[in-house]
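Source file: final-v7.txt (compact mmCIF, C-alpha atoms)
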```txt
# COMPACT_ATOMS: atom_id res chain seq x y z
CA MET W 36 -38.89 -235.25 -58.13
CA ALA W 37 -35.77 -237.06 -59.33
CA SER W 38 -33.21 -238.01 -56.73
CA GLY W 39 -29.61 -236.89 -57.03
CA THR W 40 -27.71 -233.73 -56.32
CA THR W 41 -28.23 -230.08 -57.15
CA GLY W 42 -24.83 -228.45 -57.12
CA LYS W 43 -23.38 -229.63 -53.83
CA LEU W 44 -26.77 -230.37 -52.31
CA SER W 45 -28.64 -233.64 -52.05
CA ARG W 46 -32.19 -233.31 -53.34
CA ASP W 47 -33.18 -236.41 -51.37
CA GLU W 48 -31.97 -234.82 -48.12
CA LEU W 49 -33.78 -231.58 -48.91
CA MET W 50 -37.02 -233.42 -49.49
CA ALA W 51 -36.55 -235.62 -46.42
CA ASP W 52 -36.05 -232.56 -44.23
CA ASP W 53 -39.41 -231.15 -45.31
CA ARG W 54 -41.11 -234.45 -44.52
CA THR W 55 -39.59 -234.77 -41.03
CA THR W 56 -41.92 -233.99 -38.13
CA VAL W 57 -40.89 -230.95 -36.14
CA GLY W 58 -39.68 -231.95 -32.70
CA ILE W 59 -36.93 -232.15 -30.13
CA ASP W 60 -34.18 -234.78 -29.94
CA LEU W 61 -32.34 -234.35 -26.66
CA GLY W 62 -30.09 -237.23 -27.62
CA LYS W 63 -28.54 -235.04 -30.32
CA LEU W 64 -27.12 -232.70 -27.72
CA GLU W 65 -23.33 -232.97 -27.52
CA PHE W 66 -21.08 -230.97 -25.28
CA ARG W 67 -17.70 -230.29 -26.90
CA LEU W 68 -15.63 -227.69 -25.11
CA SER W 69 -13.94 -226.52 -28.31
CA GLU W 70 -17.29 -225.82 -29.97
CA VAL W 71 -18.63 -224.06 -26.86
CA ALA W 72 -15.47 -221.95 -26.76
CA VAL W 73 -15.73 -220.98 -30.45
CA ARG W 74 -19.38 -219.98 -30.11
CA PHE W 75 -18.75 -218.04 -26.90
CA ALA W 76 -15.79 -216.26 -28.53
CA PHE W 77 -17.80 -215.20 -31.57
CA GLY W 78 -20.72 -214.02 -29.41
CA PHE W 79 -18.35 -212.17 -27.08
CA GLY W 80 -16.54 -210.62 -30.03
CA ILE W 81 -19.56 -209.28 -31.86
CA ALA W 82 -21.13 -207.96 -28.64
CA VAL W 83 -17.92 -206.07 -27.85
CA ILE W 84 -17.66 -204.73 -31.41
CA ALA W 85 -21.29 -203.56 -31.35
CA GLY W 86 -20.75 -201.95 -27.96
CA ALA W 87 -17.54 -200.23 -29.01
CA LEU W 88 -19.04 -198.95 -32.26
CA GLY W 89 -22.07 -197.74 -30.33
CA MET W 90 -19.80 -195.80 -28.03
CA ILE W 91 -17.59 -194.36 -30.78
CA VAL W 92 -19.97 -193.81 -33.71
CA GLY W 93 -23.42 -193.88 -32.14
CA GLN W 94 -25.94 -196.38 -30.77
CA ARG W 95 -27.83 -196.75 -34.04
CA PHE W 96 -24.62 -197.71 -35.84
CA GLY W 97 -23.64 -200.08 -33.06
CA GLY W 98 -27.12 -201.59 -33.20
CA LEU W 99 -26.58 -202.64 -36.82
CA PHE W 100 -24.00 -205.15 -35.62
CA LEU W 101 -26.41 -206.79 -33.19
CA ALA W 102 -27.80 -208.36 -36.36
CA PHE W 103 -24.44 -209.14 -37.98
CA PRO W 104 -24.14 -212.81 -38.92
CA ALA W 105 -20.87 -213.32 -37.05
CA ILE W 106 -21.62 -216.77 -35.72
CA LEU W 107 -23.14 -218.34 -38.82
CA PRO W 108 -19.88 -219.19 -40.65
CA ALA W 109 -18.63 -221.10 -37.60
CA THR W 110 -22.00 -222.82 -37.09
CA LEU W 111 -22.37 -223.84 -40.72
CA THR W 112 -18.78 -225.06 -40.92
CA LEU W 113 -19.33 -227.23 -37.84
CA ILE W 114 -22.55 -228.62 -39.33
CA GLU W 115 -20.85 -229.36 -42.65
CA LYS W 116 -17.97 -231.08 -40.85
CA LYS W 117 -20.29 -233.23 -38.70
CA GLU W 118 -22.92 -233.87 -41.37
CA ASP W 119 -22.73 -232.43 -44.90
CA THR W 120 -23.21 -229.31 -47.05
CA THR W 121 -26.93 -229.99 -47.51
CA LYS W 122 -27.48 -229.80 -43.76
CA ALA W 123 -25.53 -226.54 -43.63
CA TYR W 124 -27.71 -225.20 -46.46
CA LEU W 125 -30.85 -226.24 -44.58
CA ASP W 126 -29.63 -224.43 -41.48
CA MET W 127 -29.05 -221.28 -43.56
CA SER W 128 -32.52 -221.72 -45.08
CA GLY W 129 -34.04 -221.77 -41.59
CA GLY W 130 -31.96 -218.70 -40.89
CA VAL W 131 -33.91 -216.75 -43.54
CA THR W 132 -37.10 -217.35 -41.59
CA GLY W 133 -35.38 -216.66 -38.28
CA ALA W 134 -33.96 -213.41 -39.65
CA VAL W 135 -37.43 -212.13 -40.59
CA ALA W 136 -38.51 -212.93 -37.03
CA MET W 137 -35.36 -211.15 -35.80
CA ALA W 138 -36.58 -207.96 -37.48
CA VAL W 139 -39.89 -208.36 -35.64
CA PHE W 140 -37.92 -208.80 -32.38
CA ALA W 141 -36.04 -205.55 -33.01
CA ALA W 142 -39.24 -203.67 -33.83
CA THR W 143 -40.95 -205.04 -30.72
CA ALA W 144 -38.02 -204.09 -28.51
CA TRP W 145 -37.94 -200.60 -30.07
CA VAL W 146 -41.62 -200.12 -29.30
CA LEU W 147 -41.68 -201.63 -25.80
CA VAL W 148 -38.46 -200.27 -24.29
CA GLY W 149 -39.50 -197.10 -22.51
CA ARG W 150 -43.04 -198.35 -21.95
CA MET W 151 -41.95 -200.94 -19.39
CA ALA W 152 -38.83 -202.21 -17.65
CA ALA W 153 -36.14 -203.38 -20.07
CA PRO W 154 -36.05 -207.04 -18.89
CA LEU W 155 -39.82 -207.39 -19.38
CA ALA W 156 -39.73 -205.62 -22.75
CA LEU W 157 -37.01 -207.96 -23.98
CA LEU W 158 -38.70 -211.06 -22.62
CA ILE W 159 -41.82 -210.15 -24.56
CA ALA W 160 -39.74 -209.35 -27.67
CA LEU W 161 -38.03 -212.74 -27.37
CA ALA W 162 -41.37 -214.52 -27.02
CA VAL W 163 -42.62 -212.64 -30.10
CA TRP W 164 -39.47 -213.69 -31.99
CA LEU W 165 -40.04 -217.35 -31.14
CA LEU W 166 -43.73 -217.27 -32.00
CA VAL W 167 -43.22 -215.45 -35.31
CA ALA W 168 -40.29 -217.69 -36.27
CA ILE W 169 -42.21 -220.90 -35.62
CA LEU W 170 -45.42 -219.72 -37.28
CA LEU W 171 -43.55 -218.42 -40.31
CA TYR W 172 -41.64 -221.69 -40.63
CA LEU W 173 -44.83 -223.75 -40.47
CA VAL W 174 -46.63 -221.56 -43.00
CA VAL W 175 -43.70 -221.50 -45.46
CA ARG W 176 -43.31 -225.26 -45.12
CA ALA W 177 -47.03 -226.02 -45.50
CA THR W 178 -47.35 -223.83 -48.58
CA GLY W 179 -44.40 -225.54 -50.29
CA LEU W 180 -42.35 -222.36 -50.55
CA TYR W 181 -39.29 -224.14 -49.17
CA ARG W 182 -39.55 -226.72 -51.97
CA LEU W 183 -39.83 -223.86 -54.44
CA GLN W 184 -36.76 -222.20 -52.95
CA ASP W 185 -34.72 -225.39 -53.10
CA ARG W 186 -35.74 -226.17 -56.64
CA TYR W 187 -34.99 -222.79 -58.18
CA GLY W 188 -32.38 -221.39 -55.79
CA PRO W 189 -29.38 -223.72 -55.83
CA ALA W 190 -27.68 -224.57 -59.13
CA MET X 175 -20.01 -198.74 -14.12
CA SER X 176 -17.34 -197.67 -16.61
CA PRO X 177 -18.22 -197.86 -20.33
CA LEU X 178 -15.46 -200.42 -20.96
CA LEU X 179 -16.68 -202.64 -18.16
CA LEU X 180 -20.23 -202.39 -19.53
CA ILE X 181 -19.00 -203.51 -22.95
CA ALA X 182 -17.16 -206.43 -21.32
CA VAL X 183 -20.34 -207.45 -19.47
CA LYS X 184 -22.27 -207.29 -22.76
CA GLY X 185 -19.59 -209.52 -24.28
CA VAL X 186 -19.76 -212.16 -21.55
CA LEU X 187 -23.55 -212.21 -21.52
CA GLY X 188 -23.71 -212.18 -25.32
CA GLY X 189 -21.30 -215.08 -25.59
CA SER X 190 -23.27 -217.04 -22.99
CA PHE X 191 -26.57 -216.44 -24.76
CA VAL X 192 -25.04 -217.58 -28.08
CA VAL X 193 -23.96 -220.86 -26.47
CA LEU X 194 -27.38 -221.32 -24.87
CA PHE X 195 -29.33 -220.68 -28.09
CA ALA X 196 -26.92 -222.96 -29.99
CA PHE X 197 -27.59 -225.78 -27.53
CA VAL X 198 -31.34 -225.34 -27.99
CA GLY X 199 -30.98 -225.27 -31.77
CA GLU X 200 -28.93 -228.50 -31.76
CA THR X 201 -31.78 -230.46 -30.18
CA LEU X 202 -34.37 -229.44 -32.77
CA ARG X 203 -35.42 -231.32 -35.88
CA PRO X 204 -35.61 -231.07 -38.79
CA LYS X 205 -32.48 -229.10 -39.71
CA ARG X 206 -34.35 -226.25 -41.39
CA PHE X 207 -36.41 -225.75 -38.22
CA ALA X 208 -33.22 -225.79 -36.13
CA GLY X 209 -31.90 -223.10 -38.49
CA LEU X 210 -34.39 -220.63 -36.98
CA PHE X 211 -31.99 -220.46 -34.06
CA ALA X 212 -29.13 -219.58 -36.38
CA ALA X 213 -30.78 -216.16 -36.52
CA ALA X 214 -31.78 -215.98 -32.88
CA PRO X 215 -31.33 -212.55 -31.29
CA SER X 216 -28.89 -213.90 -28.69
CA VAL X 217 -26.25 -211.17 -28.71
CA ALA X 218 -28.94 -208.53 -29.22
CA THR X 219 -30.92 -209.63 -26.18
CA ALA X 220 -27.82 -209.41 -23.99
CA SER X 221 -26.75 -206.01 -25.33
CA LEU X 222 -30.20 -204.47 -25.21
CA LEU X 223 -30.71 -205.77 -21.68
CA ILE X 224 -27.45 -204.28 -20.37
CA SER X 225 -28.10 -201.07 -22.25
CA GLY X 226 -31.64 -200.85 -20.90
CA LEU X 227 -30.46 -201.33 -17.34
CA SER X 228 -27.49 -198.97 -17.54
CA LYS X 229 -27.95 -196.38 -20.28
CA GLY X 230 -31.66 -195.74 -20.25
CA VAL X 231 -34.40 -195.60 -22.82
CA PRO X 232 -33.16 -193.30 -25.63
CA ALA X 233 -29.84 -195.12 -26.09
CA THR X 234 -31.54 -198.53 -25.97
CA ARG X 235 -34.20 -197.50 -28.48
CA ASP X 236 -31.45 -196.27 -30.79
CA LEU X 237 -29.69 -199.62 -30.42
CA ALA X 238 -32.91 -201.47 -31.24
CA PHE X 239 -33.53 -199.24 -34.25
CA GLY X 240 -30.04 -199.93 -35.55
CA MET X 241 -30.70 -203.63 -35.06
CA LEU X 242 -33.89 -203.35 -37.12
CA LEU X 243 -31.86 -202.02 -40.04
CA GLY X 244 -29.24 -204.71 -39.51
CA SER X 245 -31.98 -207.37 -39.53
CA ALA X 246 -32.86 -206.42 -43.08
CA GLY X 247 -29.23 -207.08 -43.88
CA MET X 248 -29.46 -210.41 -42.08
CA VAL X 249 -32.43 -211.50 -44.21
CA ALA X 250 -30.57 -210.52 -47.37
CA TYR X 251 -27.46 -212.30 -46.08
CA CYS X 252 -29.29 -215.57 -45.46
CA VAL X 253 -30.99 -215.43 -48.88
CA ALA X 254 -27.65 -214.81 -50.59
CA GLY X 255 -26.09 -217.52 -48.45
CA LEU X 256 -28.44 -220.10 -49.97
CA VAL X 257 -26.66 -219.59 -53.28
CA THR X 258 -23.13 -219.09 -52.00
CA VAL X 259 -23.19 -222.08 -49.61
CA ASP X 260 -24.39 -224.30 -52.45
CA ARG X 261 -21.70 -223.03 -54.81
CA LEU X 262 -18.77 -222.47 -52.42
CA ARG X 263 -19.63 -224.72 -49.45
CA ALA X 264 -20.20 -223.65 -45.86
CA LEU X 265 -17.22 -221.53 -44.82
CA ALA X 266 -16.45 -219.72 -48.07
CA GLY X 267 -20.15 -219.39 -48.87
CA SER X 268 -21.18 -217.95 -45.53
CA VAL X 269 -18.24 -215.52 -45.39
CA THR X 270 -18.75 -214.35 -49.00
CA ALA X 271 -22.36 -213.51 -48.18
CA TRP X 272 -21.15 -211.02 -45.55
CA VAL X 273 -20.71 -208.57 -48.43
CA VAL X 274 -24.48 -208.64 -48.91
CA TRP X 275 -25.08 -207.85 -45.23
CA LEU X 276 -22.65 -204.94 -45.40
CA VAL X 277 -24.19 -203.46 -48.54
CA VAL X 278 -27.80 -203.75 -47.33
CA SER X 279 -27.27 -202.75 -43.68
CA LEU X 280 -24.87 -199.90 -44.31
CA GLY X 281 -26.98 -198.77 -47.26
CA LEU X 282 -30.07 -198.58 -45.06
CA TYR X 283 -28.13 -196.89 -42.25
CA PHE X 284 -26.67 -194.16 -44.42
CA GLY X 285 -29.88 -193.85 -46.41
CA ILE X 286 -32.21 -193.56 -43.41
CA VAL X 287 -30.25 -192.42 -40.37
CA HIS X 288 -27.98 -190.00 -42.16
CA ARG X 289 -30.48 -188.74 -44.66
CA GLY X 290 -30.76 -184.95 -44.70
```

Turn the structure described in the file into C-alpha cells.
Amino acid sequence: MASGTTGKLSRDELMADDRTTVGIDLGKLEFRLSEVAVRFAFGFGIAVIAGALGMIVGQRFGGLFLAFPAILPATLTLIEKKEDTTKAYLDMSGGVTGAVAMAVFAATAWVLVGRMAAPLALLIALAVWLLVAILLYLVVRATGLYRLQDRYGPA
Amino acid sequence: MSPLLLIAVKGVLGGSFVVLFAFVGETLRPKRFAGLFAAAPSVATASLLISGLSKGVPATRDLAFGMLLGSAGMVAYCVAGLVTVDRLRALAGSVTAWVVWLVVSLGLYFGIVHRG
C-alpha cells in the first residue's frame, strides 16, 4: 500500500497501528488536572442529564443518554492536540467496536438486573463488555476489516 | 434519599468512572485498541448501579433498555465519526456526528417505545 495521506489521515500511521502488538504502556499515563477536570465534568454532566430526563420524561428516555457520546469530542480533541488527527481517528475506530460491546453490556444488564443484586449484575455486565470488546477487536483486526474500513472509509 | 440528591450522586460517580476508564484507556496500545475505552459504559455503570440500589428493578431495567437503544445510536455515531473526523478534524467531526446519534437513538425510541 502506498504511503502518504488519505484526507487528513496518515496511511502509514494507520498501517502501523494495525501492526502494533496489543499491550499496556504504563509510562504513557500522565496526570493533568485540567484533563481530569474536563473528563469528570463531562461524565458528571451527562449522568445528571440522563438522571433528570429519566425523572421528567421516563427511565427509558433517560437511559438513551447513558449511551450518548458526550465525552468523545473532548477525548478526541485532546488526542489530536497531543498527537494528530490520525490517532483521533483510530480512537474513534476503536470506539465502533467498543460501542457494539456497549450494546451487549446494556442487554446483559437488562437481563440480569432483577435476577441478582444490582452490583453483581453490573459487574458481570462490565466483564461481558470487556470480553466482547477485546474479542471483537481481535477478530476484526485479524480478518483485515480495519484495513478495509480505513481504505474505503476516509476520503 | 431525595431524587435530586440521587441524581447528584449519579453525577459524581459517573464523572469518577469516566476519569478511571480514561486512565485505563491511556495506557493501552495500539490506539485503536485504546479506543475501545472511548465507548466504555462508565456513566451507565454508575447510573445503573445507583438506580438498582435506590429505585429497584423495574426502573433500572427501563434505564438499561433505553441504554440499549442509545447504544445503537452510539455505533452509528462512531461509524459516521470515521468520516467526519477525517474531513472536519476531531472537534468539528465528533460534534457533527452527534446528529447521527440523535436521529438513530430518538428514531428507535419513538419507533419502539412509543409505538402503538

Inset, instruction - Using all atoms listed in the file, determine which residues of chain W fall within 6 Å of chain X; present them as a PyMOL selection string. - result: chain W and resi 43+52+55+57-61+63-64+74-75+78-79+82-83+86+94-96+98-99+101-102+108+111-112+125-126+129-131+133-134+138+141+145+149+153+189

Atoms kept (C-alpha atoms) for selection, written as a PDB file, in the frame of the given file:
```
ATOM      1  CA  LYS W  43     -23.380-229.630 -53.830  1.00  0.00           C
ATOM      2  CA  ASP W  52     -36.050-232.560 -44.230  1.00  0.00           C
ATOM      3  CA  THR W  55     -39.590-234.770 -41.030  1.00  0.00           C
ATOM      4  CA  VAL W  57     -40.890-230.950 -36.140  1.00  0.00           C
ATOM      5  CA  GLY W  58     -39.680-231.950 -32.700  1.00  0.00           C
ATOM      6  CA  ILE W  59     -36.930-232.150 -30.130  1.00  0.00           C
ATOM      7  CA  ASP W  60     -34.180-234.780 -29.940  1.00  0.00           C
ATOM      8  CA  LEU W  61     -32.340-234.350 -26.660  1.00  0.00           C
ATOM      9  CA  LYS W  63     -28.540-235.040 -30.320  1.00  0.00           C
ATOM     10  CA  LEU W  64     -27.120-232.700 -27.720  1.00  0.00           C
ATOM     11  CA  ARG W  74     -19.380-219.980 -30.110  1.00  0.00           C
ATOM     12  CA  PHE W  75     -18.750-218.040 -26.900  1.00  0.00           C
ATOM     13  CA  GLY W  78     -20.720-214.020 -29.410  1.00  0.00           C
ATOM     14  CA  PHE W  79     -18.350-212.170 -27.080  1.00  0.00           C
ATOM     15  CA  ALA W  82     -21.130-207.960 -28.640  1.00  0.00           C
ATOM     16  CA  VAL W  83     -17.920-206.070 -27.850  1.00  0.00           C
ATOM     17  CA  GLY W  86     -20.750-201.950 -27.960  1.00  0.00           C
ATOM     18  CA  GLN W  94     -25.940-196.380 -30.770  1.00  0.00           C
ATOM     19  CA  ARG W  95     -27.830-196.750 -34.040  1.00  0.00           C
ATOM     20  CA  PHE W  96     -24.620-197.710 -35.840  1.00  0.00           C
ATOM     21  CA  GLY W  98     -27.120-201.590 -33.200  1.00  0.00           C
ATOM     22  CA  LEU W  99     -26.580-202.640 -36.820  1.00  0.00           C
ATOM     23  CA  LEU W 101     -26.410-206.790 -33.190  1.00  0.00           C
ATOM     24  CA  ALA W 102     -27.800-208.360 -36.360  1.00  0.00           C
ATOM     25  CA  PRO W 108     -19.880-219.190 -40.650  1.00  0.00           C
ATOM     26  CA  LEU W 111     -22.370-223.840 -40.720  1.00  0.00           C
ATOM     27  CA  THR W 112     -18.780-225.060 -40.920  1.00  0.00           C
ATOM     28  CA  LEU W 125     -30.850-226.240 -44.580  1.00  0.00           C
ATOM     29  CA  ASP W 126     -29.630-224.430 -41.480  1.00  0.00           C
ATOM     30  CA  GLY W 129     -34.040-221.770 -41.590  1.00  0.00           C
ATOM     31  CA  GLY W 130     -31.960-218.700 -40.890  1.00  0.00           C
ATOM     32  CA  VAL W 131     -33.910-216.750 -43.540  1.00  0.00           C
ATOM     33  CA  GLY W 133     -35.380-216.660 -38.280  1.00  0.00           C
ATOM     34  CA  ALA W 134     -33.960-213.410 -39.650  1.00  0.00           C
ATOM     35  CA  ALA W 138     -36.580-207.960 -37.480  1.00  0.00           C
ATOM     36  CA  ALA W 141     -36.040-205.550 -33.010  1.00  0.00           C
ATOM     37  CA  TRP W 145     -37.940-200.600 -30.070  1.00  0.00           C
ATOM     38  CA  GLY W 149     -39.500-197.100 -22.510  1.00  0.00           C
ATOM     39  CA  ALA W 153     -36.140-203.380 -20.070  1.00  0.00           C
ATOM     40  CA  PRO W 189     -29.380-223.720 -55.830  1.00  0.00           C
TER      41      PRO W 189
END
```

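Rounded to one decimal, atom CA of W:Leu171 and atom CA of W:Tyr124 lie 18.3 Å from each other.
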
Inset, instruction - Provide the atom CA of W:Thr56 to atom CA of W:Val174 distance in Å, to one decimal place. - result: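 Computing the Euclidean distance for atom CA of W:Thr56 and atom CA of W:Val174 yields 14.2 Å.
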
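Across the model, the gap from atom CA of W:Ala105 to atom CA of W:Ile84 is 10.8 Å.
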